[in-house]
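I have placed the structure first, in the form of C-alpha cells, so that the comments after it can refer back to it.
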Amino acid sequence: MPEDPINASSKAVPQINLRRRLVNAAVTFAAVGAVILVLTPLVAIFGYLVYRGVGSVNWAFLTQTPKPVGEAGGGMANAIAGSAFILLLASLIGVPFGIGAGIYLAEYGRNRFGDAIRFTADVLNGVPSIVIGIVAYGIVVLTQRHFSALAGGVALSLMMIPTISRTTEEMLLLVPNSLREASYGLGISRWRTTLSITLRTATSGVITGVMLAFARVAGETAPLLFTAFGNQYWNYRIDQPTAALPLQIFTYAISPFDEWHRQAWAGALVLIVLIVVSVSAVRIAASRGMLKGAN
C-alpha cells in the first residue's frame, strides 16, 4: 500500500535541534525582559502619581481657579485651559512647518541646503528646553514688551518642528519609489504626487511623529517660565500671560504649603492623563480615517 503523501512530507521535515530551540527561548526571554525593564519605571511612576494625586482630583479641582494661600479648595481649571490654548498655538505653528520641512528634506533636499537643515534639526533636538525658552523670550517677549500665550506657543513650536521634520522625512523615505514612478507615468506632477500619494501613504508615521512632538512639549515648564509666565485667572487672549499646568505644578511643588503640594500631585496626574487621552484620540481618529479612505 503506497505511503500517504501528507505523512511522508511531514516526516521529511527535519526536527529543530536542541541548540537552536534553546537559543530561540533565550532570545525571546531576553526580549520580553527588556520590554518589562522599560515598562516597569513607567508603570511605577504612573502608579505613584495615582497614589499621591487621585485623592485631590475632584470637580472643584477641574472647574475652579486657584484659591489664595490659607484658603481651602480651589483648582487648576484655568491652567488646564491655558495648557490647551498654548499647545493649540504651538501645533498651529509647529505642525505645518515641521511637515513642510520633512517633505522638502525627503523629496527635494538631497543637496547642501538640505544637509544644513538636517544638521540644524538634529542640533535643535538636543538643545535644552530652557535655552529655547530664552530664545523665544528674546524674539517675542522683548518685542511685545510683555509675556503672552503667543510667546509660549512659539517656544513650544520651536521644540516641535525638529522632531516632526525628521520623523516626516524618514517616513516619506520609506514609501517605495515605484509608487512615485507610477504616478509620474500617469502624467501627475511631482508636487501633486508628493501630497496625494507619498504623504498619504506615510500618514500613519507622520501622525506618530506629530504626537511624539506634542507629548514631548506638553509637559515642558522651563520655556513657559520665560514666555507665558503664568496667570492666576482665566485668560483667552493671545497677547496676555496665561496659566499652564506645568507652570502651576512647578509653582505649587516649590511652595511650603501641604495643600499646594497635594494639588501639584493632582495636576501632574491630570497632565499625564490628558496627554495619553489626546494622543490616543488622534491615533484612533487617524486610523479610522485611513480605513475609510482605503474602503
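Labels used: A, B, ... for chains in the order of the C-alpha cells, numbers from 1 for residues in each chain, and numbers from 1 for ligands as shown.
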
Among the residues of region 83-222 of chain A, find those DSSP assigns to helix (DSSP H, G or I) from the backbone and print them as a CSV table (one decimal) with N, CA and C atoms, in the first residue's frame.
chain,number,residue,atom,x,y,z
A,83,SER,N,-3.1,75.5,29.2
A,83,SER,CA,-2.2,74.5,28.5
A,83,SER,C,-2.8,74.1,27.2
A,84,ALA,N,-4.1,73.9,27.1
A,84,ALA,CA,-4.7,73.5,25.8
A,84,ALA,C,-4.6,74.7,24.8
A,85,PHE,N,-4.7,75.9,25.3
A,85,PHE,CA,-4.6,77.1,24.4
A,85,PHE,C,-3.2,77.2,23.9
A,86,ILE,N,-2.2,77.1,24.7
A,86,ILE,CA,-0.8,77.2,24.3
A,86,ILE,C,-0.4,76.1,23.4
A,87,LEU,N,-0.8,74.9,23.7
A,87,LEU,CA,-0.5,73.7,22.8
A,87,LEU,C,-1.2,73.9,21.5
A,88,LEU,N,-2.4,74.4,21.5
A,88,LEU,CA,-3.0,74.6,20.2
A,88,LEU,C,-2.3,75.6,19.3
A,89,LEU,N,-1.8,76.7,20.0
A,89,LEU,CA,-1.0,77.7,19.2
A,89,LEU,C,0.3,77.1,18.7
A,90,ALA,N,0.9,76.3,19.6
A,90,ALA,CA,2.2,75.6,19.2
A,90,ALA,C,2.0,74.7,18.0
A,91,SER,N,0.9,73.9,18.1
A,91,SER,CA,0.6,73.0,17.0
A,91,SER,C,0.3,73.7,15.7
A,92,LEU,N,-0.5,74.8,15.8
A,92,LEU,CA,-0.8,75.6,14.5
A,92,LEU,C,0.5,76.1,13.9
A,93,ILE,N,1.5,76.4,14.7
A,93,ILE,CA,2.8,76.9,14.1
A,93,ILE,C,3.7,75.8,13.8
A,94,GLY,N,3.9,74.8,14.7
A,94,GLY,CA,4.9,73.8,14.5
A,94,GLY,C,4.6,72.7,13.5
A,95,VAL,N,3.3,72.2,13.5
A,95,VAL,CA,3.0,71.1,12.7
A,95,VAL,C,3.1,71.4,11.2
A,96,PRO,N,2.5,72.5,10.7
A,96,PRO,CA,2.7,72.8,9.2
A,96,PRO,C,4.2,73.0,8.8
A,97,PHE,N,4.9,73.7,9.7
A,97,PHE,CA,6.3,74.0,9.3
A,97,PHE,C,7.1,72.7,9.4
A,98,GLY,N,6.9,71.8,10.4
A,98,GLY,CA,7.6,70.6,10.6
A,98,GLY,C,7.3,69.6,9.4
A,99,ILE,N,6.0,69.5,9.1
A,99,ILE,CA,5.7,68.6,8.0
A,99,ILE,C,6.3,69.1,6.7
A,100,GLY,N,6.1,70.4,6.5
A,100,GLY,CA,6.7,71.0,5.2
A,100,GLY,C,8.2,70.8,5.1
A,101,ALA,N,8.9,71.0,6.2
A,101,ALA,CA,10.3,70.8,6.2
A,101,ALA,C,10.7,69.3,5.9
A,102,GLY,N,9.9,68.4,6.5
A,102,GLY,CA,10.1,67.0,6.3
A,102,GLY,C,9.9,66.6,4.8
A,103,ILE,N,8.8,67.2,4.2
A,103,ILE,CA,8.6,66.9,2.8
A,103,ILE,C,9.7,67.4,1.9
A,104,TYR,N,10.2,68.6,2.2
A,104,TYR,CA,11.3,69.1,1.4
A,104,TYR,C,12.6,68.3,1.6
A,105,LEU,N,12.9,67.8,2.8
A,105,LEU,CA,14.1,67.0,3.0
A,105,LEU,C,14.0,65.7,2.3
A,106,ALA,N,12.8,65.1,2.3
A,106,ALA,CA,12.7,63.8,1.7
A,106,ALA,C,12.6,63.8,0.1
A,107,GLU,N,11.9,64.8,-0.4
A,107,GLU,CA,11.7,64.9,-1.8
A,107,GLU,C,12.6,65.8,-2.6
A,112,ARG,N,23.2,70.5,-0.5
A,112,ARG,CA,23.9,71.1,0.7
A,112,ARG,C,22.9,71.8,1.6
A,113,PHE,N,21.9,72.5,1.0
A,113,PHE,CA,20.9,73.2,1.8
A,113,PHE,C,20.1,72.2,2.7
A,114,GLY,N,19.7,71.0,2.1
A,114,GLY,CA,19.0,70.0,2.8
A,114,GLY,C,19.9,69.4,4.0
A,115,ASP,N,21.2,69.3,3.7
A,115,ASP,CA,22.1,68.8,4.7
A,115,ASP,C,22.2,69.8,5.9
A,116,ALA,N,22.2,71.1,5.5
A,116,ALA,CA,22.2,72.1,6.6
A,116,ALA,C,21.0,72.1,7.4
A,117,ILE,N,19.8,71.8,6.8
A,117,ILE,CA,18.5,71.7,7.6
A,117,ILE,C,18.6,70.5,8.5
A,118,ARG,N,19.0,69.4,8.0
A,118,ARG,CA,19.1,68.2,8.8
A,118,ARG,C,20.0,68.4,10.0
A,119,PHE,N,21.1,69.0,9.8
A,119,PHE,CA,22.1,69.2,10.9
A,119,PHE,C,21.5,70.2,11.9
A,120,THR,N,20.8,71.2,11.4
A,120,THR,CA,20.1,72.1,12.4
A,120,THR,C,19.1,71.5,13.2
A,121,ALA,N,18.2,70.6,12.5
A,121,ALA,CA,17.2,69.9,13.2
A,121,ALA,C,17.7,69.0,14.3
A,122,ASP,N,18.8,68.3,13.9
A,122,ASP,CA,19.4,67.3,14.9
A,122,ASP,C,20.0,68.1,16.1
A,123,VAL,N,20.6,69.2,15.8
A,123,VAL,CA,21.2,70.0,16.9
A,123,VAL,C,20.0,70.6,17.8
A,124,LEU,N,18.9,71.1,17.2
A,124,LEU,CA,17.8,71.6,18.0
A,124,LEU,C,17.2,70.5,18.8
A,125,ASN,N,17.2,69.3,18.3
A,125,ASN,CA,16.6,68.2,19.1
A,125,ASN,C,17.3,68.0,20.4
A,129,SER,N,15.6,72.7,26.8
A,129,SER,CA,14.3,73.5,26.6
A,129,SER,C,14.4,74.9,27.1
A,130,ILE,N,15.2,75.0,28.2
A,130,ILE,CA,15.3,76.4,28.8
A,130,ILE,C,16.0,77.3,27.8
A,131,VAL,N,17.0,76.8,27.0
A,131,VAL,CA,17.6,77.7,26.0
A,131,VAL,C,16.6,78.1,25.0
A,132,ILE,N,15.8,77.2,24.6
A,132,ILE,CA,14.7,77.6,23.6
A,132,ILE,C,13.8,78.6,24.2
A,133,GLY,N,13.5,78.5,25.5
A,133,GLY,CA,12.7,79.5,26.2
A,133,GLY,C,13.3,80.8,26.2
A,134,ILE,N,14.6,80.9,26.4
A,134,ILE,CA,15.3,82.2,26.4
A,134,ILE,C,15.3,82.8,25.0
A,135,VAL,N,15.5,82.0,24.0
A,135,VAL,CA,15.4,82.5,22.6
A,135,VAL,C,14.1,83.0,22.3
A,136,ALA,N,13.0,82.3,22.7
A,136,ALA,CA,11.6,82.8,22.4
A,136,ALA,C,11.4,84.1,23.2
A,137,TYR,N,12.0,84.2,24.4
A,137,TYR,CA,11.9,85.4,25.2
A,137,TYR,C,12.5,86.6,24.5
A,138,GLY,N,13.7,86.4,23.9
A,138,GLY,CA,14.3,87.5,23.1
A,138,GLY,C,13.6,87.8,21.9
A,139,ILE,N,13.0,86.8,21.2
A,139,ILE,CA,12.3,87.1,19.9
A,139,ILE,C,10.9,87.7,20.1
A,140,VAL,N,10.2,87.1,21.0
A,140,VAL,CA,8.7,87.5,21.1
A,140,VAL,C,8.5,88.4,22.3
A,141,VAL,N,8.9,88.0,23.5
A,141,VAL,CA,8.6,88.8,24.7
A,141,VAL,C,9.2,90.2,24.7
A,142,LEU,N,10.4,90.3,24.3
A,142,LEU,CA,11.1,91.6,24.3
A,142,LEU,C,10.5,92.5,23.2
A,143,THR,N,10.0,91.8,22.1
A,143,THR,CA,9.4,92.6,21.0
A,143,THR,C,8.0,93.1,21.5
A,144,GLN,N,7.2,92.2,22.1
A,144,GLN,CA,5.9,92.6,22.6
A,144,GLN,C,6.0,93.5,23.9
A,149,ALA,N,0.6,84.3,25.8
A,149,ALA,CA,0.4,82.9,25.3
A,149,ALA,C,1.0,82.7,24.0
A,150,LEU,N,1.1,83.7,23.1
A,150,LEU,CA,1.7,83.6,21.8
A,150,LEU,C,3.2,83.2,22.0
A,151,ALA,N,3.9,83.9,22.9
A,151,ALA,CA,5.3,83.6,23.2
A,151,ALA,C,5.5,82.2,23.6
A,152,GLY,N,4.6,81.7,24.5
A,152,GLY,CA,4.7,80.3,24.9
A,152,GLY,C,4.4,79.3,23.7
A,153,GLY,N,3.5,79.6,22.9
A,153,GLY,CA,3.2,78.8,21.7
A,153,GLY,C,4.4,78.8,20.8
A,154,VAL,N,5.1,79.9,20.6
A,154,VAL,CA,6.3,80.0,19.7
A,154,VAL,C,7.4,79.1,20.3
A,155,ALA,N,7.6,79.2,21.6
A,155,ALA,CA,8.7,78.5,22.3
A,155,ALA,C,8.4,77.0,22.1
A,156,LEU,N,7.2,76.5,22.3
A,156,LEU,CA,6.9,75.1,22.2
A,156,LEU,C,7.0,74.6,20.7
A,157,SER,N,6.6,75.5,19.8
A,157,SER,CA,6.6,75.1,18.4
A,157,SER,C,8.1,75.0,17.9
A,158,LEU,N,9.0,75.8,18.5
A,158,LEU,CA,10.4,75.6,18.1
A,158,LEU,C,10.9,74.3,18.5
A,159,MET,N,10.3,73.7,19.6
A,159,MET,CA,10.7,72.4,20.0
A,159,MET,C,10.1,71.3,19.2
A,160,MET,N,8.9,71.6,18.7
A,160,MET,CA,8.2,70.5,17.9
A,160,MET,C,8.7,70.4,16.5
A,161,ILE,N,9.1,71.5,15.9
A,161,ILE,CA,9.5,71.4,14.4
A,161,ILE,C,10.6,70.4,14.1
A,162,PRO,N,11.7,70.4,14.9
A,162,PRO,CA,12.8,69.4,14.5
A,162,PRO,C,12.3,68.0,14.6
A,163,THR,N,11.6,67.6,15.6
A,163,THR,CA,11.1,66.3,15.7
A,163,THR,C,10.2,65.9,14.6
A,164,ILE,N,9.2,66.8,14.3
A,164,ILE,CA,8.3,66.5,13.3
A,164,ILE,C,9.0,66.4,11.9
A,165,SER,N,9.9,67.3,11.6
A,165,SER,CA,10.5,67.3,10.3
A,165,SER,C,11.4,66.1,10.1
A,166,ARG,N,12.1,65.7,11.0
A,166,ARG,CA,13.0,64.5,10.9
A,166,ARG,C,12.1,63.2,10.8
A,167,THR,N,11.1,63.1,11.6
A,167,THR,CA,10.2,61.9,11.5
A,167,THR,C,9.5,61.9,10.2
A,168,THR,N,9.0,63.0,9.7
A,168,THR,CA,8.3,63.1,8.4
A,168,THR,C,9.2,62.6,7.3
A,169,GLU,N,10.5,63.1,7.3
A,169,GLU,CA,11.4,62.8,6.3
A,169,GLU,C,11.6,61.3,6.3
A,170,GLU,N,11.9,60.7,7.5
A,170,GLU,CA,12.1,59.2,7.5
A,170,GLU,C,10.9,58.4,7.0
A,171,MET,N,9.7,58.8,7.4
A,171,MET,CA,8.5,58.1,6.9
A,171,MET,C,8.3,58.2,5.4
A,172,LEU,N,8.6,59.4,4.9
A,172,LEU,CA,8.4,59.6,3.4
A,172,LEU,C,9.5,58.8,2.7
A,173,LEU,N,10.7,58.6,3.2
A,173,LEU,CA,11.7,57.8,2.5
A,173,LEU,C,11.4,56.3,2.5
A,177,ASN,N,9.7,53.8,-4.2
A,177,ASN,CA,9.8,54.7,-5.3
A,177,ASN,C,8.9,54.3,-6.5
A,178,SER,N,8.5,53.0,-6.5
A,178,SER,CA,7.6,52.5,-7.5
A,178,SER,C,6.2,53.3,-7.5
A,179,LEU,N,5.8,53.7,-6.3
A,179,LEU,CA,4.5,54.5,-6.3
A,179,LEU,C,4.7,55.8,-7.0
A,180,ARG,N,5.9,56.5,-6.7
A,180,ARG,CA,6.1,57.7,-7.3
A,180,ARG,C,6.2,57.6,-8.9
A,181,GLU,N,7.0,56.6,-9.3
A,181,GLU,CA,7.2,56.4,-10.7
A,181,GLU,C,5.8,56.1,-11.4
A,182,ALA,N,5.0,55.3,-10.8
A,182,ALA,CA,3.7,55.0,-11.4
A,182,ALA,C,2.9,56.3,-11.5
A,183,SER,N,2.9,57.2,-10.5
A,183,SER,CA,2.2,58.4,-10.6
A,183,SER,C,2.8,59.3,-11.7
A,184,TYR,N,4.1,59.4,-11.8
A,184,TYR,CA,4.7,60.1,-12.9
A,184,TYR,C,4.3,59.6,-14.3
A,185,GLY,N,4.2,58.3,-14.3
A,185,GLY,CA,3.8,57.7,-15.6
A,185,GLY,C,2.4,58.0,-16.0
A,190,ARG,N,4.9,66.4,-9.9
A,190,ARG,CA,5.7,66.0,-8.8
A,190,ARG,C,5.1,66.4,-7.5
A,191,TRP,N,4.7,67.7,-7.4
A,191,TRP,CA,4.1,68.2,-6.1
A,191,TRP,C,2.8,67.5,-5.8
A,192,ARG,N,2.0,67.2,-6.8
A,192,ARG,CA,0.7,66.5,-6.6
A,192,ARG,C,1.0,65.1,-6.1
A,193,THR,N,2.0,64.4,-6.7
A,193,THR,CA,2.4,63.1,-6.3
A,193,THR,C,2.8,63.1,-4.8
A,194,THR,N,3.6,64.1,-4.5
A,194,THR,CA,4.1,64.2,-3.1
A,194,THR,C,2.9,64.3,-2.1
A,195,LEU,N,2.0,65.2,-2.4
A,195,LEU,CA,0.9,65.4,-1.4
A,195,LEU,C,-0.2,64.4,-1.4
A,196,SER,N,-0.6,63.9,-2.6
A,196,SER,CA,-1.7,62.9,-2.7
A,196,SER,C,-1.3,61.5,-2.6
A,197,ILE,N,-0.1,61.1,-2.9
A,197,ILE,CA,0.3,59.7,-2.9
A,197,ILE,C,1.4,59.4,-1.8
A,198,THR,N,2.5,60.1,-1.9
A,198,THR,CA,3.6,59.9,-1.0
A,198,THR,C,3.2,60.2,0.5
A,199,LEU,N,2.7,61.4,0.7
A,199,LEU,CA,2.4,61.8,2.0
A,199,LEU,C,1.2,61.0,2.6
A,200,ARG,N,0.2,60.7,1.7
A,200,ARG,CA,-0.9,60.0,2.1
A,200,ARG,C,-0.5,58.6,2.6
A,201,THR,N,0.4,58.0,1.8
A,201,THR,CA,0.9,56.6,2.2
A,201,THR,C,1.6,56.6,3.5
A,203,THR,N,1.0,58.6,6.1
A,203,THR,CA,0.2,59.4,7.0
A,203,THR,C,0.4,58.8,8.5
A,204,SER,N,0.3,57.5,8.6
A,204,SER,CA,0.4,56.9,10.0
A,204,SER,C,1.7,57.3,10.6
A,205,GLY,N,2.8,57.2,9.9
A,205,GLY,CA,4.1,57.5,10.5
A,205,GLY,C,4.2,59.0,10.8
A,206,VAL,N,3.7,59.8,9.9
A,206,VAL,CA,3.8,61.3,10.1
A,206,VAL,C,3.0,61.7,11.4
A,207,ILE,N,1.8,61.1,11.5
A,207,ILE,CA,1.0,61.4,12.7
A,207,ILE,C,1.7,60.9,14.0
A,208,THR,N,2.4,59.8,13.9
A,208,THR,CA,3.1,59.3,15.1
A,208,THR,C,4.2,60.4,15.5
A,209,GLY,N,4.9,60.9,14.5
A,209,GLY,CA,5.9,61.9,14.8
A,209,GLY,C,5.3,63.2,15.4
A,210,VAL,N,4.1,63.6,14.9
A,210,VAL,CA,3.4,64.8,15.4
A,210,VAL,C,3.1,64.5,16.9
A,211,MET,N,2.5,63.4,17.2
A,211,MET,CA,2.1,63.0,18.5
A,211,MET,C,3.3,62.9,19.5
A,212,LEU,N,4.4,62.4,18.9
A,212,LEU,CA,5.6,62.3,19.7
A,212,LEU,C,6.1,63.7,20.1
A,213,ALA,N,6.1,64.7,19.2
A,213,ALA,CA,6.5,66.0,19.5
A,213,ALA,C,5.5,66.7,20.4
A,214,PHE,N,4.2,66.4,20.2
A,214,PHE,CA,3.2,67.0,21.1
A,214,PHE,C,3.4,66.5,22.5
A,215,ALA,N,3.6,65.2,22.7
A,215,ALA,CA,3.7,64.7,24.0
A,215,ALA,C,5.0,65.2,24.7
A,216,ARG,N,6.0,65.5,23.9
A,216,ARG,CA,7.3,66.0,24.5
A,216,ARG,C,7.1,67.4,25.0
A,217,VAL,N,6.4,68.3,24.3
A,217,VAL,CA,6.3,69.7,24.7
A,217,VAL,C,5.2,69.9,25.7
A,218,ALA,N,4.3,69.0,25.8
A,218,ALA,CA,3.1,69.2,26.7
A,218,ALA,C,3.5,69.4,28.1
A,222,ALA,N,10.2,74.9,31.6
A,222,ALA,CA,11.2,75.9,31.5
A,222,ALA,C,10.9,77.0,30.4

Atom pair CA of Leu49 (chain A) / CA of Leu269 (chain A): separation (Å):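 Straight-line distance from CA of Leu49 (chain A) to CA of Leu269 (chain A) works out to 5.7 Å.
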
For each of A:Ile275, A:Ser189, A:Trp265, A:Ser287, take the minimum atom-to-atom distance to Met76 (chain A), counting only C-alpha atoms, then give the residue where this is smallest. A:Trp265

Counting only C-alpha atoms, what is within 10 Å of Thr221 (chain A), bar same-chain residues fewer than 2 positions away, as a list in words? Ser129, Ile130, Gly133, Val217, Ala218, Gly219, Pro223, Leu224, Leu225, Phe226, Ala228, Phe229, Ala244, Leu245, Pro246, Leu247, Gln248, Ile249 and Phe250 of chain A

Taking only C-alpha atoms into account, which of A:Thr242, A:Pro68, A:Tyr252, A:Thr28 comes nearest Gly267 (chain A)?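 Among the listed residues, the smallest separation from Gly267 (chain A) belongs to A:Tyr252.
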
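For the pair CA of Arg52 (chain A) and CA of Trp260 (chain A), the interatomic distance is 12.5 Å.
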
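The shortest atom-to-atom distance to Phe257 (chain A), with only C-alpha atoms taken into account, belongs to A:Val69 out of A:Val273, A:Ala81, A:Ile188, A:Val69.
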